[in-house]
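Novice: Contents of entry11.cif (mmCIF, C-alpha atoms and all ligand atoms):
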data_my_file
loop_
_atom_site.label_atom_id
_atom_site.label_comp_id
_atom_site.auth_asym_id
_atom_site.auth_seq_id
_atom_site.Cartn_x
_atom_site.Cartn_y
_atom_site.Cartn_z
CA ASN A 1 -48.30 -43.20 -16.44
CA ALA A 2 -48.30 -39.65 -15.20
CA ALA A 3 -45.38 -39.85 -12.80
CA SER A 4 -43.56 -36.57 -13.12
CA VAL A 5 -39.94 -36.15 -12.24
CA GLU A 6 -38.33 -32.77 -11.89
CA THR A 7 -34.86 -32.70 -13.36
CA MET A 8 -32.06 -30.18 -13.19
CA LYS A 9 -31.42 -28.22 -16.38
CA ALA A 10 -28.25 -29.34 -18.12
CA THR A 11 -25.63 -26.63 -18.51
CA SER A 12 -23.47 -26.38 -21.64
CA LEU A 13 -19.72 -26.92 -21.34
CA THR A 14 -18.94 -23.25 -22.01
CA ASP A 15 -21.42 -22.13 -19.37
CA THR A 16 -20.08 -24.66 -16.90
CA LEU A 17 -16.55 -23.35 -17.40
CA LEU A 18 -17.52 -19.66 -17.36
CA ASN A 19 -19.70 -20.21 -14.31
CA ILE A 20 -16.78 -21.14 -12.12
CA ILE A 21 -15.35 -17.61 -12.22
CA PRO A 22 -17.22 -15.55 -9.62
CA ASP A 23 -18.44 -12.09 -10.69
CA ASN A 24 -19.25 -11.32 -7.11
CA PRO A 25 -17.78 -13.65 -4.47
CA ILE A 26 -20.10 -12.42 -1.72
CA ASN A 27 -23.08 -13.21 -3.91
CA SER A 28 -21.63 -16.68 -4.63
CA LEU A 29 -21.36 -17.30 -0.89
CA ALA A 30 -24.90 -16.10 -0.27
CA SER A 31 -26.39 -18.22 -3.04
CA GLY A 32 -24.25 -21.31 -2.41
CA GLU A 33 -22.51 -21.40 -5.81
CA MET A 34 -20.05 -24.09 -4.77
CA LEU A 35 -17.68 -23.97 -7.74
CA GLN A 36 -17.36 -20.21 -7.56
CA ILE A 37 -16.77 -20.38 -3.82
CA ILE A 38 -14.05 -22.99 -4.33
CA VAL A 39 -12.30 -20.93 -7.01
CA PHE A 40 -12.42 -17.81 -4.84
CA ALA A 41 -11.24 -19.72 -1.76
CA LEU A 42 -8.42 -21.19 -3.81
CA ILE A 43 -7.22 -17.77 -4.94
CA ILE A 44 -7.41 -16.45 -1.36
CA GLY A 45 -5.52 -19.52 -0.15
CA VAL A 46 -2.72 -19.09 -2.69
CA ILE A 47 -2.38 -15.42 -1.74
CA LEU A 48 -2.38 -16.22 1.99
CA ALA A 49 0.40 -18.75 1.41
CA LYS A 50 2.33 -16.18 -0.62
CA LEU A 51 1.98 -13.41 1.96
CA GLY A 52 2.97 -15.72 4.83
CA GLU A 53 3.45 -13.79 8.06
CA ARG A 54 2.00 -10.60 6.62
CA ALA A 55 -1.45 -12.22 6.51
CA GLU A 56 -1.11 -14.43 9.56
CA THR A 57 -4.14 -12.99 11.34
CA VAL A 58 -6.46 -13.73 8.44
CA ALA A 59 -4.99 -17.21 7.94
CA ASN A 60 -5.50 -17.94 11.64
CA PHE A 61 -9.03 -16.62 11.44
CA PHE A 62 -9.89 -19.04 8.63
CA SER A 63 -8.23 -21.93 10.34
CA GLN A 64 -10.04 -21.25 13.63
CA PHE A 65 -13.34 -20.69 11.87
CA ASN A 66 -12.83 -24.04 10.19
CA ASP A 67 -12.39 -25.63 13.64
CA ILE A 68 -15.63 -23.99 14.77
CA MET A 69 -17.54 -25.36 11.75
CA MET A 70 -16.09 -28.82 12.36
CA GLU A 71 -17.19 -28.70 15.98
CA MET A 72 -20.67 -27.66 14.89
CA THR A 73 -20.82 -30.55 12.42
CA MET A 74 -19.81 -32.99 15.12
CA MET A 75 -22.57 -31.70 17.39
CA ILE A 76 -25.11 -32.13 14.59
CA MET A 77 -23.72 -35.59 13.85
CA ALA A 78 -24.56 -36.64 17.38
CA LEU A 79 -28.21 -36.16 16.43
CA ALA A 80 -27.82 -37.65 12.94
CA PRO A 81 -29.12 -41.17 13.69
CA ILE A 82 -32.50 -39.80 14.80
CA GLY A 83 -32.63 -37.37 11.88
CA VAL A 84 -31.75 -40.10 9.39
CA PHE A 85 -34.48 -42.36 10.78
CA CYS A 86 -37.06 -39.60 10.35
CA LEU A 87 -35.89 -38.69 6.84
CA ILE A 88 -36.10 -42.26 5.58
CA SER A 89 -39.48 -42.91 7.20
CA ARG A 90 -40.86 -39.75 5.65
CA THR A 91 -39.47 -40.55 2.19
CA PHE A 92 -40.98 -44.02 2.11
CA ALA A 93 -44.26 -42.86 3.60
CA ASN A 94 -44.61 -40.11 0.98
CA ILE A 95 -43.58 -42.08 -2.08
CA GLY A 96 -45.23 -45.35 -1.23
CA PHE A 97 -44.15 -48.68 -2.60
CA SER A 98 -46.63 -48.74 -5.50
CA ALA A 99 -45.13 -45.65 -7.15
CA PHE A 100 -41.93 -47.33 -8.13
CA VAL A 101 -43.08 -50.82 -9.08
CA PRO A 102 -43.58 -49.91 -12.80
CA LEU A 103 -40.09 -48.47 -12.95
CA ALA A 104 -38.51 -51.47 -11.25
CA LYS A 105 -36.51 -52.55 -14.31
CA TYR A 106 -34.97 -49.13 -14.75
CA MET A 107 -34.26 -48.82 -11.04
CA ILE A 108 -32.64 -52.23 -10.82
CA GLY A 109 -30.49 -51.38 -13.84
CA VAL A 110 -29.29 -48.18 -12.19
CA LEU A 111 -28.72 -49.90 -8.84
CA ILE A 112 -26.62 -52.68 -10.40
CA ALA A 113 -24.49 -50.15 -12.29
CA LEU A 114 -24.05 -48.07 -9.12
CA ALA A 115 -23.03 -51.13 -7.12
CA ILE A 116 -20.45 -52.14 -9.74
CA GLN A 117 -19.01 -48.62 -9.70
CA CYS A 118 -18.92 -48.34 -5.91
CA PHE A 119 -17.77 -51.80 -4.89
CA GLY A 120 -15.94 -52.81 -8.06
CA VAL A 121 -14.36 -49.94 -9.97
CA TYR A 122 -13.54 -47.73 -6.97
CA GLN A 123 -12.15 -50.53 -4.86
CA ILE A 124 -9.96 -51.87 -7.67
CA LEU A 125 -8.58 -48.36 -8.23
CA LEU A 126 -7.98 -47.96 -4.50
CA LYS A 127 -6.12 -51.27 -4.33
CA ILE A 128 -4.01 -50.62 -7.44
CA PHE A 129 -3.04 -47.04 -6.62
CA THR A 130 -2.71 -47.08 -2.83
CA GLY A 131 -2.45 -50.75 -1.86
CA LEU A 132 -5.02 -50.17 0.91
CA ASN A 133 -7.45 -52.94 1.82
CA PRO A 134 -10.77 -52.09 0.06
CA LEU A 135 -12.94 -53.96 2.59
CA LYS A 136 -11.38 -52.04 5.45
CA PHE A 137 -11.87 -48.82 3.49
CA ILE A 138 -15.56 -49.52 2.94
CA LYS A 139 -16.03 -50.39 6.59
CA LYS A 140 -14.42 -47.15 7.72
CA PHE A 141 -16.19 -45.04 5.15
CA PHE A 142 -19.60 -46.68 5.53
CA PRO A 143 -21.03 -44.11 8.00
CA VAL A 144 -20.31 -41.37 5.45
CA MET A 145 -22.05 -43.36 2.72
CA ALA A 146 -25.03 -43.87 5.03
CA PHE A 147 -25.14 -40.14 5.74
CA ALA A 148 -25.06 -39.31 2.00
CA PHE A 149 -27.68 -41.98 1.35
CA SER A 150 -30.12 -40.62 3.87
CA THR A 151 -29.64 -36.93 3.13
CA ALA A 152 -29.18 -37.32 -0.67
CA THR A 153 -26.83 -34.37 -0.81
CA SER A 154 -23.14 -34.47 -1.57
CA ASN A 155 -22.69 -30.94 -0.29
CA ALA A 156 -24.00 -31.67 3.19
CA THR A 157 -21.71 -34.68 3.38
CA ILE A 158 -18.50 -32.67 2.83
CA PRO A 159 -17.52 -32.08 6.51
CA LEU A 160 -18.17 -35.65 7.59
CA SER A 161 -16.27 -37.01 4.61
CA ILE A 162 -13.23 -34.83 5.30
CA ASP A 163 -13.30 -35.72 8.98
CA THR A 164 -13.59 -39.46 8.34
CA LEU A 165 -10.79 -39.42 5.79
CA THR A 166 -8.56 -37.59 8.27
CA LYS A 167 -9.30 -39.59 11.38
CA LYS A 168 -9.92 -43.08 10.02
CA VAL A 169 -8.18 -43.30 6.67
CA GLY A 170 -5.17 -41.08 7.36
CA VAL A 171 -5.61 -38.59 4.51
CA SER A 172 -4.07 -35.18 5.20
CA LYS A 173 -6.57 -32.34 5.39
CA LYS A 174 -4.30 -30.42 3.04
CA ILE A 175 -5.51 -32.72 0.28
CA SER A 176 -9.07 -33.54 1.35
CA SER A 177 -10.12 -29.98 2.17
CA PHE A 178 -9.58 -29.19 -1.50
CA THR A 179 -10.55 -32.38 -3.30
CA ILE A 180 -13.70 -33.27 -1.33
CA PRO A 181 -15.60 -29.97 -1.84
CA LEU A 182 -14.44 -29.92 -5.47
CA GLY A 183 -15.51 -33.54 -5.96
CA ALA A 184 -18.84 -32.96 -4.23
CA THR A 185 -19.51 -30.23 -6.76
CA ILE A 186 -18.31 -31.64 -10.07
CA ASN A 187 -17.47 -35.33 -9.66
CA MET A 188 -20.74 -37.23 -9.69
CA ASP A 189 -20.24 -40.68 -11.13
CA GLY A 190 -23.46 -41.97 -9.61
CA THR A 191 -25.40 -39.14 -11.20
CA SER A 192 -23.90 -39.69 -14.65
CA ILE A 193 -24.55 -43.44 -14.42
CA MET A 194 -28.20 -42.79 -13.61
CA GLN A 195 -28.52 -40.26 -16.44
CA GLY A 196 -26.95 -42.70 -18.89
CA VAL A 197 -29.24 -45.55 -17.89
CA ALA A 198 -32.23 -43.20 -17.98
CA VAL A 199 -31.49 -42.25 -21.61
CA VAL A 200 -31.13 -45.89 -22.65
CA PHE A 201 -34.33 -46.75 -20.77
CA ALA A 202 -36.24 -43.95 -22.49
CA ALA A 203 -34.86 -44.97 -25.90
CA GLN A 204 -36.00 -48.56 -25.34
CA ALA A 205 -39.38 -47.44 -24.07
CA PHE A 206 -39.93 -45.52 -27.31
CA GLY A 207 -38.40 -48.23 -29.49
CA ILE A 208 -35.48 -46.08 -30.65
CA HIS A 209 -32.39 -48.03 -31.66
CA LEU A 210 -29.13 -46.63 -30.30
CA SER A 211 -25.92 -47.10 -32.29
CA MET A 212 -22.43 -47.31 -30.80
CA THR A 213 -21.89 -43.61 -31.60
CA ASP A 214 -25.13 -42.81 -29.78
CA TYR A 215 -23.90 -44.65 -26.71
CA ILE A 216 -20.64 -42.71 -26.74
CA THR A 217 -22.59 -39.44 -27.09
CA VAL A 218 -24.79 -40.48 -24.16
CA ILE A 219 -21.72 -41.21 -22.02
CA GLY A 220 -20.14 -37.83 -22.87
CA THR A 221 -23.32 -35.86 -22.34
CA ALA A 222 -24.20 -37.62 -19.09
CA THR A 223 -20.71 -36.91 -17.75
CA LEU A 224 -20.99 -33.21 -18.60
CA ALA A 225 -24.54 -33.01 -17.27
CA SER A 226 -23.44 -34.58 -14.00
CA ILE A 227 -20.76 -31.89 -13.65
CA GLY A 228 -23.51 -29.31 -13.99
CA THR A 229 -25.79 -31.07 -11.50
CA ALA A 230 -25.94 -29.50 -8.05
CA GLY A 231 -25.02 -31.64 -5.04
CA VAL A 232 -28.44 -31.25 -3.50
CA PRO A 233 -31.39 -33.63 -3.08
CA SER A 234 -33.83 -34.03 -5.93
CA VAL A 235 -37.52 -34.66 -5.56
CA GLY A 236 -40.28 -37.16 -6.37
CA ILE A 237 -39.96 -40.84 -7.11
CA ASP A 238 -36.36 -40.24 -8.11
CA ARG A 239 -35.54 -39.85 -4.44
CA ILE A 240 -34.70 -43.52 -3.91
CA LEU A 241 -32.15 -43.51 -6.71
CA ASP A 242 -30.94 -40.09 -5.67
CA MET A 243 -30.05 -41.44 -2.23
CA THR A 244 -28.07 -44.29 -3.73
CA ARG A 245 -26.25 -42.30 -6.37
CA THR A 246 -25.31 -39.64 -3.84
CA ALA A 247 -23.62 -42.34 -1.73
CA VAL A 248 -21.72 -43.41 -4.86
CA ASN A 249 -20.86 -39.80 -5.75
CA ILE A 250 -19.17 -39.12 -2.44
CA THR A 251 -17.43 -42.50 -2.32
CA GLY A 252 -15.83 -41.68 -5.68
CA ASP A 253 -14.58 -38.39 -4.27
CA ALA A 254 -13.17 -40.14 -1.21
CA VAL A 255 -11.39 -42.88 -3.16
CA CYS A 256 -9.93 -40.32 -5.55
CA THR A 257 -8.86 -38.15 -2.60
CA THR A 258 -7.12 -41.12 -0.96
CA ILE A 259 -5.27 -41.91 -4.19
CA VAL A 260 -4.19 -38.27 -4.66
CA ALA A 261 -3.08 -38.14 -1.00
CA HIS A 262 -1.06 -41.32 -1.47
CA GLN A 263 0.64 -39.95 -4.57
CA ASN A 264 1.50 -36.74 -2.70
CA LYS A 265 2.83 -38.58 0.35
CA ALA A 266 -0.04 -37.17 2.41
CA LEU A 267 -1.54 -40.54 3.38
CA ASP A 268 -0.71 -41.96 6.79
CA LYS A 269 -1.28 -45.71 6.48
CA ASN A 270 -0.70 -46.14 10.23
CA VAL A 271 -3.97 -44.33 10.80
CA PHE A 272 -5.71 -46.57 8.28
CA TYR A 273 -4.45 -49.78 9.85
CA ALA A 274 -4.67 -48.59 13.47
CA GLU A 275 -7.15 -50.61 15.52
CA GLU A 276 -10.24 -48.62 16.22
CA ASN A 277 -10.80 -47.82 19.85
N1 LIG A 301 -28.25 -35.57 -5.04
C1 LIG A 301 -27.06 -35.79 -5.79
C2 LIG A 301 -25.87 -35.34 -4.99
O1 LIG A 301 -25.97 -34.50 -4.14
C3 LIG A 301 -27.06 -35.11 -7.11
C4 LIG A 301 -28.08 -35.72 -8.01
O2 LIG A 301 -29.26 -35.36 -7.94
O3 LIG A 301 -27.72 -36.63 -8.77
O4 LIG A 301 -24.79 -35.84 -5.20
#
Take the structure in the file and write it out as structure tokens.
Specialist:
Amino acid sequence: NAASVETMKATSLTDTLLNIIPDNPINSLASGEMLQIIVFALIIGVILAKLGERAETVANFFSQFNDIMMEMTMMIMALAPIGVFCLISRTFANIGFSAFVPLAKYMIGVLIALAIQCFGVYQILLKIFTGLNPLKFIKKFFPVMAFAFSTATSNATIPLSIDTLTKKVGVSKKISSFTIPLGATINMDGTSIMQGVAVVFAAQAFGIHLSMTDYITVIGTATLASIGTAGVPSVGIDRILDMTRTAVNITGDAVCTTIVAHQNKALDKNVFYAEEN
């Protein structure tokens, strides 16, 4: 079977850590190095807060520019349903059903694990740590999951995720504007699940027996590799799983954000339980 899948190169832990310090912030912005941008933005933010009135103009500029970007996102979102329809049609037309029949077992394994993570683990954590109703949460957050599913990129989902958490879940932007971009960059549970299952699948395919220690190594490596994976769409047959794991990736970020907001008294439950108009 000559199906070829392009994968991202795994980065070592040292490189991952060193990579987050920008040598040249302008270059990071131009090349979309998310972690470096976040670190730089964080430093600027801390300094702005420290300078207070002395840097008011710049702080206002950033805040107003943020409003502009949000408005732009909302305008694009108005067109999203049509775009999503086209993206999905194109994906299925290109890949074709026959391409993924031989890999069905692997795909089903990944999909089951992703479903357990998304609808089991996350929702239990949400319930335990915030007391919010998981079903209501999923219902409110579903459009964001659908957006991540169809675009297969965590990064592109950031604005919609922040907006939904603010308006429908009641999470303060103070929390989400930091945790969501950070999560979209390094927290990819769906990606590490897929990588873990892929290793086990490959081992079985080649008849290699994995010991308990091997499994633990796989878990550790997959977690690190997922941190190093970019929040952008992948290519080839993997696309179907990519769509699903991206939806899981961003749901994990959102649940974690809601928990952090709750612990920092930045979660307005009235918003969460308010009837939608
Ligand atoms: N597409 C995924 C994401 O943006 C990353 C991956 O390929 O696993 O979250």
Novice: Can you pull out every residue with an atom within 10 Å of ligand LIG 301 (chain A)? Use only C-alpha atoms and all ligand atoms and format it as an MDAnalysis selection string.
Specialist: chainID A and resid 7:8 148:149 151:157 183:195 225:235 238:239 241:250
Novice: I'd like the interatomic distance between atom CA of Ser63 of chain A and atom CA of Leu48 of chain A, to a tenth of an Å.
Specialist: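 Here the two named atoms are 11.7 Å from each other.
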Novice: Just want the 9 Å neighbourhood of segment 127-131 of chain A, counted on all atoms listed in the file, with same-chain residues fewer than 2 positions away dropped. Output as a list in words.
Specialist: Tyr122, Gln123, Ile124, Leu125, Asn133, Pro134, Thr258, Ile259, His262 and Gln263 of chain A
Novice: Report, in Å to a single decimal, how far apart atom CA of Asn66 of chain A and atom CA of Glu275 of chain A are.
Specialist: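 Atom-to-atom, atom CA of Glu275 of chain A and atom CA of Asn66 of chain A are spaced 27.7 Å apart.
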Novice: How far is it from atom CA of Leu51 of chain A to atom CA of Gln36 of chain A, in Å with one decimal?
Specialist: 22.6 Å
Novice: Out of A:Phe119, A:Ile88, A:Leu103, A:Ser31, which residue has the shortest atom-to-atom distance to Ala202 of chain A when counting all atoms listed in the file?
Specialist: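 The answer is A:Leu103, which sits nearest to Ala202 of chain A.
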